[in-house]
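Visitor: Got target-v8.cif for you, mmCIF, C-alpha atoms:
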```cif
data_run
loop_
_atom_site.label_atom_id
_atom_site.label_comp_id
_atom_site.auth_asym_id
_atom_site.auth_seq_id
_atom_site.Cartn_x
_atom_site.Cartn_y
_atom_site.Cartn_z
CA MET A 210 108.12 59.27 155.69
CA SER A 211 106.84 57.47 152.63
CA GLN A 212 103.62 59.43 152.91
CA GLN A 213 105.60 62.64 152.87
CA ALA A 214 107.59 61.46 149.88
CA GLY A 215 104.31 60.58 148.16
CA LYS A 216 103.04 64.06 148.82
CA MET A 217 106.23 65.56 147.44
CA SER A 218 106.06 63.57 144.22
CA ALA A 219 102.38 64.40 143.85
CA ARG A 220 103.26 68.06 144.10
CA ASN A 221 106.07 67.67 141.60
CA TRP A 222 103.72 65.86 139.25
CA ASP A 223 101.27 68.71 139.64
CA GLU A 224 103.96 71.28 138.82
CA LEU A 225 104.96 69.29 135.76
CA MET A 226 101.45 68.76 134.43
CA GLU A 227 100.54 72.42 134.82
CA GLY A 228 102.65 73.35 131.82
CA ILE A 229 101.97 70.25 129.77
CA TRP A 230 98.22 70.31 129.96
CA ARG A 231 96.24 72.69 132.20
CA GLN A 232 98.24 75.84 131.40
CA ASN A 233 99.73 74.78 128.08
CA PRO A 234 101.64 77.86 126.88
CA VAL A 235 100.57 77.50 123.25
CA PHE A 236 96.94 76.40 123.42
CA VAL A 237 95.75 77.80 126.75
CA MET A 238 97.85 80.87 127.48
CA VAL A 239 98.56 81.73 123.81
CA LEU A 240 102.03 83.04 124.70
CA GLY A 241 105.20 83.13 122.65
CA MET A 242 103.34 83.05 119.38
CA CYS A 243 106.12 84.36 117.14
CA PRO A 244 108.32 81.24 117.05
CA VAL A 245 105.23 79.02 117.20
CA LEU A 246 104.06 80.27 113.84
CA ALA A 247 107.35 81.12 112.20
CA VAL A 248 109.40 77.92 112.55
CA THR A 249 106.68 75.26 112.40
CA VAL A 250 106.91 74.59 108.66
CA SER A 251 108.24 71.09 109.40
CA GLY A 252 108.29 68.59 112.25
CA VAL A 253 112.08 68.69 112.66
CA ASN A 254 112.18 72.48 112.93
CA ALA A 255 109.34 72.45 115.45
CA LEU A 256 111.00 69.78 117.60
CA SER A 257 114.40 71.47 117.71
CA MET A 258 112.91 74.88 118.43
CA GLY A 259 110.84 73.37 121.24
CA LEU A 260 113.85 71.64 122.77
CA ALA A 261 115.99 74.80 122.53
CA THR A 262 113.29 76.84 124.24
CA ALA A 263 112.80 74.17 126.91
CA PHE A 264 116.54 74.14 127.65
CA VAL A 265 116.68 77.93 128.04
CA LEU A 266 113.52 77.84 130.14
CA VAL A 267 114.79 75.19 132.58
CA CYS A 268 118.29 76.70 132.95
CA SER A 269 117.19 80.28 133.40
CA CYS A 270 114.36 79.41 135.79
CA GLY A 271 116.81 77.37 137.86
CA LEU A 272 119.31 80.22 138.02
CA VAL A 273 116.68 82.86 138.71
CA SER A 274 115.33 80.69 141.51
CA LEU A 275 118.82 80.21 143.01
CA LEU A 276 119.48 83.95 142.93
CA ARG A 277 115.98 85.00 143.96
CA LYS A 278 117.09 86.32 147.36
CA LEU A 279 120.07 88.21 145.92
CA ILE A 280 118.38 90.07 143.07
CA PRO A 281 117.13 93.53 144.14
CA LYS A 282 113.47 94.00 143.31
CA GLU A 283 113.97 97.19 141.28
CA VAL A 284 116.25 95.65 138.65
CA ARG A 285 114.79 92.15 138.58
CA ILE A 286 113.38 92.26 135.03
CA ALA A 287 116.68 93.49 133.60
CA THR A 288 118.53 90.78 135.53
CA TYR A 289 116.19 88.07 134.25
CA ILE A 290 116.64 89.26 130.67
CA VAL A 291 120.43 89.18 130.96
CA ILE A 292 120.29 85.65 132.46
CA ILE A 293 117.98 84.48 129.65
CA ALA A 294 120.14 86.14 126.98
CA THR A 295 123.20 84.32 128.30
CA PHE A 296 121.58 80.89 127.94
CA VAL A 297 120.18 81.80 124.53
CA THR A 298 123.69 82.71 123.36
CA VAL A 299 124.84 79.26 124.56
CA VAL A 300 122.04 77.51 122.63
CA ASP A 301 122.73 79.66 119.58
CA TYR A 302 126.40 78.61 119.43
CA VAL A 303 125.61 74.95 120.21
CA ILE A 304 123.08 74.66 117.36
CA GLN A 305 125.49 76.41 115.03
CA ALA A 306 128.18 73.87 115.92
CA VAL A 307 125.94 70.78 115.73
CA SER A 308 123.96 71.43 112.55
CA LEU A 309 124.49 74.39 110.27
CA ALA A 310 121.50 73.41 108.11
CA LEU A 311 119.20 73.55 111.12
CA TYR A 312 120.75 76.86 112.19
CA ASP A 313 119.97 78.35 108.77
CA ALA A 314 116.41 76.97 108.82
CA LEU A 315 115.61 78.46 112.22
CA GLY A 316 117.42 81.71 111.42
CA ALA A 317 117.06 84.63 113.78
CA PHE A 318 114.35 82.85 115.72
CA ILE A 319 116.90 81.09 117.94
CA GLN A 320 118.16 84.46 119.16
CA LEU A 321 114.60 85.70 119.43
CA ILE A 322 114.01 83.12 122.20
CA VAL A 323 115.22 85.98 124.45
CA VAL A 324 111.99 87.89 123.97
CA ASN A 325 109.74 84.83 124.23
CA CYS A 326 107.17 85.93 126.79
CA ILE A 327 106.84 82.41 128.26
CA ILE A 328 110.36 82.48 129.68
CA LEU A 329 110.20 85.94 131.22
CA GLY A 330 106.67 85.18 132.42
CA ARG A 331 107.77 81.96 134.16
CA ALA A 332 110.82 83.66 135.70
CA GLU A 333 108.69 86.46 137.09
CA ALA A 334 105.58 84.51 138.08
CA HIS A 335 107.04 81.24 139.32
CA ALA A 336 110.83 80.95 139.60
CA SER A 337 111.28 84.16 141.61
CA LYS A 338 109.01 82.78 144.35
CA ASN A 339 109.90 79.07 144.51
CA PRO A 340 112.93 76.91 145.41
CA PRO A 341 115.11 75.69 142.49
CA MET A 342 113.67 72.14 142.33
CA ALA A 343 110.05 73.27 142.02
CA ALA A 344 110.96 76.07 139.62
CA MET A 345 112.87 73.73 137.34
CA THR A 346 110.12 71.08 137.38
CA ASN A 347 107.56 73.69 136.49
CA ALA A 348 109.83 75.09 133.76
CA LEU A 349 110.35 71.57 132.38
CA GLY A 350 106.58 71.09 132.18
CA MET A 351 106.19 74.41 130.37
CA GLY A 352 109.01 73.52 128.00
CA VAL A 353 107.50 70.12 127.18
CA GLY A 354 104.07 71.71 126.75
CA PHE A 355 105.56 74.28 124.40
CA THR A 356 107.30 71.54 122.41
CA ILE A 357 104.04 69.58 122.13
CA GLY A 358 102.28 72.71 120.90
CA LEU A 359 104.99 73.34 118.30
CA LEU A 360 104.85 69.70 117.16
CA ALA A 361 101.05 69.83 116.86
CA LEU A 362 101.47 72.67 114.38
CA GLY A 363 104.64 71.52 112.68
CA THR A 364 103.48 67.99 111.88
CA VAL A 365 100.07 69.12 110.55
CA ARG A 366 101.65 71.79 108.39
CA GLU A 367 104.32 69.44 107.06
CA ILE A 368 101.82 66.68 106.24
CA LEU A 369 99.43 69.03 104.44
CA GLY A 370 101.97 71.33 102.86
CA ALA A 371 104.73 68.95 101.82
CA GLY A 372 103.13 65.49 102.10
CA SER A 373 105.83 64.25 104.46
CA LEU A 374 106.49 63.77 108.16
CA PHE A 375 109.94 64.47 109.66
CA GLY A 376 111.26 64.49 106.10
CA VAL A 377 109.83 61.05 105.21
CA SER A 378 107.45 61.16 102.26
CA LEU A 379 104.01 59.81 103.17
CA PHE A 380 101.83 59.73 100.09
CA GLY A 381 104.10 58.91 97.18
CA ALA A 382 104.97 60.93 94.11
CA ASP A 383 101.51 61.90 92.85
CA PHE A 384 100.58 63.81 96.01
CA GLN A 385 99.60 67.39 95.25
CA PRO A 386 100.94 69.45 98.17
CA TRP A 387 98.75 72.11 99.74
CA VAL A 388 101.50 74.71 99.49
CA ILE A 389 99.67 77.46 101.35
CA MET A 390 100.04 75.46 104.56
CA VAL A 391 103.82 75.92 104.71
CA LEU A 392 103.50 79.59 103.76
CA PRO A 393 102.76 82.25 106.42
CA PRO A 394 98.92 82.20 106.14
CA GLY A 395 98.91 78.45 106.81
CA GLY A 396 100.45 79.03 110.23
CA PHE A 397 97.62 81.33 111.25
CA PHE A 398 94.97 78.96 109.87
CA VAL A 399 96.33 75.80 111.50
CA LEU A 400 96.77 77.45 114.92
CA GLY A 401 93.30 78.99 114.63
CA THR A 402 91.83 75.57 113.85
CA TRP A 403 93.59 73.96 116.83
CA LEU A 404 92.23 76.69 119.12
CA LEU A 405 88.75 76.16 117.69
CA PHE A 406 89.08 72.44 118.33
CA PHE A 407 90.07 72.98 121.97
CA ALA A 408 87.31 75.56 122.47
CA ALA A 409 84.75 73.08 121.14
CA LEU A 410 86.16 70.36 123.42
CA GLU A 411 85.92 72.66 126.44
CA ARG A 412 82.37 73.61 125.47
CA ARG A 413 81.36 69.94 125.29
CA LYS A 414 82.89 69.20 128.67
CA GLN A 415 80.98 72.05 130.28
CA ARG A 416 77.71 70.96 128.69
CA LYS A 417 78.19 67.40 129.96
CA LEU A 418 78.95 68.77 133.42
CA ALA A 419 75.81 70.93 133.36
CA GLU A 420 73.70 67.95 132.26
CA ALA A 421 75.16 65.78 135.01
CA THR A 422 74.36 68.34 137.70
CA GLN A 423 70.86 68.79 136.28
CA ASN A 424 70.16 65.05 136.36
CA ALA A 425 71.49 64.81 139.89
CA MET B 268 124.47 92.50 96.94
CA HIS B 269 123.57 96.14 97.41
CA GLU B 270 119.86 96.83 97.70
CA SER B 271 118.63 100.39 97.45
CA ALA B 272 117.08 101.92 100.55
CA ALA B 273 113.74 102.44 98.79
CA ASN B 274 113.57 98.74 97.90
CA ILE B 275 114.31 97.72 101.48
CA PHE B 276 111.63 100.08 102.76
CA ILE B 277 108.92 98.75 100.43
CA ASN B 278 109.98 95.20 101.12
CA ALA B 279 109.77 95.57 104.90
CA LEU B 280 106.49 97.48 104.63
CA LEU B 281 104.55 95.16 102.29
CA ALA B 282 106.12 92.09 100.74
CA ASN B 283 107.88 90.91 103.89
CA ASN B 284 105.55 92.58 106.35
CA PHE B 285 106.93 92.04 109.85
CA VAL B 286 103.69 90.77 111.33
CA LEU B 287 101.93 89.00 108.49
CA ALA B 288 104.84 87.42 106.64
CA MET B 289 107.63 87.12 109.22
CA PHE B 290 105.56 86.55 112.37
CA LEU B 291 107.34 89.17 114.43
CA GLY B 292 105.52 91.11 117.14
CA LEU B 293 102.47 88.87 117.28
CA CYS B 294 101.78 89.41 120.99
CA PRO B 295 100.91 93.11 120.68
CA PHE B 296 99.31 92.39 117.31
CA LEU B 297 96.79 90.05 118.94
CA GLY B 298 96.64 91.99 122.22
CA VAL B 299 96.27 95.64 121.22
CA SER B 300 94.32 95.30 117.98
CA GLY B 301 90.90 95.40 119.65
CA LYS B 302 90.38 99.13 119.22
CA LEU B 303 91.57 101.51 116.53
CA GLU B 304 92.33 104.34 118.95
CA THR B 305 94.94 102.33 120.87
CA ALA B 306 96.24 100.45 117.83
CA PHE B 307 97.56 103.50 116.02
CA PRO B 308 99.52 105.16 118.89
CA MET B 309 100.94 101.75 119.77
CA GLY B 310 102.18 101.35 116.21
CA VAL B 311 103.77 104.79 116.21
CA ALA B 312 105.48 104.24 119.58
CA THR B 313 106.85 100.88 118.41
CA THR B 314 108.11 102.44 115.17
CA PHE B 315 109.92 105.10 117.17
CA VAL B 316 111.54 102.55 119.49
CA MET B 317 112.55 100.51 116.42
CA LEU B 318 114.29 103.53 114.88
CA VAL B 319 116.16 104.34 118.09
CA ALA B 320 117.07 100.69 118.69
CA SER B 321 118.24 100.24 115.11
CA LEU B 322 120.39 103.37 115.36
CA CYS B 323 121.97 102.22 118.64
CA ALA B 324 122.41 98.65 117.41
CA PHE B 325 124.22 99.89 114.31
CA GLY B 326 126.73 101.88 116.37
CA LEU B 327 127.10 99.13 118.93
CA ASN B 328 127.76 96.51 116.27
CA LEU B 329 130.63 98.60 114.88
CA LEU B 330 132.10 98.79 118.38
CA LEU B 331 131.65 95.06 119.12
CA THR B 332 133.16 94.06 115.79
CA ALA B 333 136.12 96.38 116.38
CA PHE B 334 136.86 94.71 119.72
CA GLN B 335 135.91 91.21 118.44
CA LEU B 336 133.21 90.74 121.05
CA GLU B 337 130.48 89.41 118.73
CA PHE B 338 129.30 86.84 121.28
CA LEU B 339 128.05 89.72 123.46
CA ARG B 340 125.81 90.98 120.65
CA LEU B 341 122.52 89.52 121.85
CA ILE B 342 122.97 90.60 125.47
CA SER B 343 124.00 94.14 124.59
CA TYR B 344 121.17 94.56 122.04
CA ILE B 345 118.52 93.59 124.55
CA VAL B 346 119.98 95.96 127.15
CA ILE B 347 120.03 98.78 124.59
CA ILE B 348 116.40 98.14 123.63
CA ALA B 349 115.31 98.09 127.26
CA SER B 350 117.05 101.38 127.93
CA SER B 351 115.71 103.08 124.80
CA VAL B 352 112.18 102.07 125.79
CA GLN B 353 112.87 103.65 129.17
CA LEU B 354 114.10 106.78 127.40
CA VAL B 355 110.99 107.00 125.21
CA GLU B 356 108.90 106.56 128.34
CA MET B 357 110.61 109.43 130.16
CA VAL B 358 110.44 111.78 127.16
CA LEU B 359 106.75 111.03 126.61
CA LYS B 360 105.97 111.50 130.29
CA LYS B 361 107.61 114.93 130.26
CA TYR B 362 106.33 116.30 126.95
CA SER B 363 103.04 114.49 126.31
CA PRO B 364 101.48 113.13 129.50
CA ALA B 365 98.15 112.50 127.72
CA LEU B 366 99.69 110.10 125.22
CA PHE B 367 101.73 108.51 128.01
CA ARG B 368 98.56 107.71 129.94
CA ALA B 369 96.78 106.45 126.80
CA LEU B 370 99.49 103.91 126.08
CA GLY B 371 99.76 102.76 129.69
CA ILE B 372 101.18 99.30 130.23
CA TYR B 373 101.86 98.70 126.53
CA LEU B 374 104.76 101.13 126.53
CA PRO B 375 107.13 99.12 128.78
CA LEU B 376 105.99 95.93 127.02
CA ILE B 377 107.60 97.15 123.79
CA THR B 378 110.85 95.79 125.29
CA THR B 379 109.65 92.22 124.80
CA ASN B 380 108.27 92.91 121.32
CA CYS B 381 110.25 90.57 119.11
CA ALA B 382 109.84 92.89 116.13
CA VAL B 383 112.19 95.40 117.79
CA LEU B 384 114.91 92.87 118.55
CA GLY B 385 114.20 91.34 115.13
CA VAL B 386 115.08 94.62 113.39
CA ALA B 387 118.40 94.82 115.21
CA LEU B 388 119.27 91.16 114.54
CA PHE B 389 118.23 91.14 110.88
CA GLN B 390 120.10 94.32 109.99
CA THR B 391 123.25 92.82 111.53
CA ALA B 392 122.78 89.45 109.81
CA ARG B 393 122.20 91.10 106.41
CA GLU B 394 125.09 93.55 106.91
CA TYR B 395 123.05 96.64 106.04
CA ASP B 396 124.87 99.96 106.00
CA PHE B 397 123.58 102.98 107.92
CA VAL B 398 121.01 104.26 105.39
CA GLN B 399 119.78 100.73 104.66
CA SER B 400 119.34 100.04 108.39
CA MET B 401 117.29 103.18 108.87
CA ALA B 402 115.10 102.35 105.85
CA PHE B 403 114.65 98.79 107.12
CA SER B 404 113.61 99.79 110.63
CA PHE B 405 111.29 102.56 109.40
CA GLY B 406 109.69 100.23 106.85
CA GLY B 407 109.32 97.50 109.47
CA GLY B 408 107.72 99.91 111.94
CA ALA B 409 105.37 101.32 109.32
CA GLY B 410 104.43 97.78 108.26
CA PHE B 411 103.73 96.85 111.89
CA THR B 412 101.51 99.94 112.26
CA LEU B 413 99.73 99.14 109.00
CA ALA B 414 98.99 95.55 110.05
CA LEU B 415 97.83 96.68 113.50
CA VAL B 416 95.49 99.36 112.09
CA LEU B 417 94.03 97.00 109.45
CA MET B 418 93.42 94.30 112.03
CA ALA B 419 91.85 96.75 114.48
CA SER B 420 89.46 98.12 111.87
CA VAL B 421 88.36 94.63 110.84
CA ARG B 422 87.86 93.59 114.45
CA GLU B 423 85.79 96.70 115.20
CA ARG B 424 83.47 95.80 112.33
CA LEU B 425 83.30 92.19 113.49
CA GLN B 426 81.83 93.18 116.82
CA LEU B 427 78.61 94.04 114.99
CA SER B 428 78.36 90.74 113.16
CA ASP B 429 76.98 87.40 114.24
CA VAL B 430 79.86 85.00 114.94
CA PRO B 431 79.37 81.47 116.38
CA SER B 432 80.22 81.85 120.06
CA VAL B 433 82.68 78.95 120.04
CA ALA B 434 84.88 80.77 117.50
CA GLN B 435 85.06 84.02 119.41
CA GLY B 436 88.35 85.26 120.87
CA THR B 437 91.82 84.30 119.80
CA ALA B 438 90.75 81.65 117.27
CA LEU B 439 88.78 84.22 115.29
CA SER B 440 91.64 86.75 115.41
CA LEU B 441 94.04 84.12 114.08
CA MET B 442 91.72 83.23 111.19
CA LEU B 443 91.44 86.94 110.36
CA ALA B 444 95.22 87.31 110.50
CA GLY B 445 95.50 84.35 108.14
CA ILE B 446 93.20 86.01 105.61
CA LEU B 447 95.11 89.31 105.91
CA SER B 448 98.34 87.40 105.47
CA LEU B 449 96.96 85.76 102.31
CA ALA B 450 96.12 89.21 100.99
CA PHE B 451 99.63 90.47 101.73
CA MET B 452 101.10 87.57 99.77
CA GLY B 453 99.78 89.40 96.73
CA PHE B 454 102.55 91.96 97.27
CA ALA B 455 105.26 89.33 96.70
CA GLY B 456 107.73 90.59 94.12
CA ILE B 457 107.25 94.28 94.87
CA GLY B 458 110.54 95.82 95.94
CA GLY B 459 112.59 92.99 94.44
#
```
Render the structure in this file as structure tokens.

Guide:
Amino acid sequence: MSQQAGKMSARNWDELMEGIWRQNPVFVMVLGMCPVLAVTVSGVNALSMGLATAFVLVCSCGLVSLLRKLIPKEVRIATYIVIIATFVTVVDYVIQAVSLALYDALGAFIQLIVVNCIILGRAEAHASKNPPMAAMTNALGMGVGFTIGLLALGTVREILGAGSLFGVSLFGADFQPWVIMVLPPGGFFVLGTWLLFFAALERRKQRKLAEATQNA
Amino acid sequence: MHESAANIFINALLANNFVLAMFLGLCPFLGVSGKLETAFPMGVATTFVMLVASLCAFGLNLLLTAFQLEFLRLISYIVIIASSVQLVEMVLKKYSPALFRALGIYLPLITTNCAVLGVALFQTAREYDFVQSMAFSFGGGAGFTLALVLMASVRERLQLSDVPSVAQGTALSLMLAGILSLAFMGFAGIGG
């Protein structure tokens, strides 16, 4: 019994880690790029956008998974989109009620969560084939991975472009901000640099592996 | 605040280019910009869908406001976009099968292009009238096509040059997009 439970939790852990690390939506799959670049001018924006997306992802994957036997195959994409749009509308109104300043900062990008390819991709590739628990765990992992990706961009851009982190000034008054980093080109450059970094890391790992097999 | 249609057009085309300044429609921008011959038809098809979607969204918004059903806006917009993409697909299949085959999978994927939904949402948020909406969606579509064509031409040239192998792929495309975006910042101020 305990062995079976161990196996279950190992599988859950696997589902969770897939999105956070191995198949990270931002750095590995390069999906859902529009909000990634557009809202990451500060750490706070990045965090709230990530959490909003994660919420929509978990809820809609759960619902899609519950209804997976009822949805006819021919209209499944349309059904998924309507389910996703419903949860996005919920998030949209909640953010508007909680913090109007945040709502203005994120702008139309909250509503644009509907067309975020990660969510539709997860609904189609994972949730429509798995029971609700597994689907929601996997969606949670993807959501957390997406949030981490957003934070990796948002914090770097805020530190370089405004000299602060989550609104707290880091370097004092005589810091000369690198303004371009919070402007559109900065988003492209920072994401490009992160991808370069991960590519170099991967390259090093493979070289080490090749050396190890050669020595053996 | 009443902007003229010409101003809105120039603004959406250059100064606030959908791809390079507002980050809308990045997935096709990175995905389809490998070759010039697919980039241009893709841009034109997207522009057409944008025009149709903007037209429908304008009418639908009047209807929703009249019945005070604004909370259904997002859901109805996405359904309208999906059906207009389907419409474009059927028309193309009937009248120009060659173009239909050339576009292939990218045609249905226009549904999840955030630039199209972006047009509908922005024109509602900014309360554009009919002529302004049309100018906005046409400018946005033309700007998307322009960015796609520019990117595709640069990437075609890059295939002949010697790039460090670690930088190849998406990282290189993003750096290129950053440089293009820097160049487009020079248009700031045009169109008011």

Visitor: Place a sphere of radius 12 Å on (126.2, 90.2, 117.8) in the file coordinates and name every protein, DNA or RNA residue with an atom inside or on its surface, counting all atoms listed in the file; give the answer as a ChimeraX atom specification.

Guide: /A:294,298,301-302,317,320 /B:324-345,384,387-392,394

Visitor: Using all atoms listed in the file, tabulate the residues of segment 288-318 of chain B lying at most 8 Å from any atom of segment 407-410 of chain B, each with its closest atom pair and that distance in Å to one decimal, by chain and increasing residue number, as CSV.

Guide:
```
residue,atom,partner,partner_atom,distance
B:Gly310,CA,B:Gly408,CA,7.1
B:Val311,CA,B:Gly408,CA,7.6
B:Thr313,CA,B:Gly408,CA,6.6
B:Thr314,CA,B:Gly408,CA,4.1
B:Phe315,CA,B:Gly408,CA,7.7
B:Met317,CA,B:Gly408,CA,6.6
```

Visitor: Which residue gives the smallest distance to chain A among B:Thr379, B:Thr305, B:Ser351, B:Ser420, with all atoms listed in the file counted?

Guide: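 Checking each of B:Thr379, B:Thr305, B:Ser351, B:Ser420 against chain A, counting all atoms listed in the file, the winner is B:Thr379.
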
Visitor: If the PyMOL selection byres ((chain A and resi 300) around 12) were run on this exact file, what residues would it hold? Put them as a PyMOL selection string.

Guide: (chain A and resi 257-258+260-266+268+293-299+301-308+312+318-323) or (chain B and resi 338)

Visitor: What does the distance from atom CA of Ala336 of chain A to atom CA of Gly385 of chain B come to in Å, to one decimal?

Guide: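 Distance reported for this atom pair: 26.8 Å.
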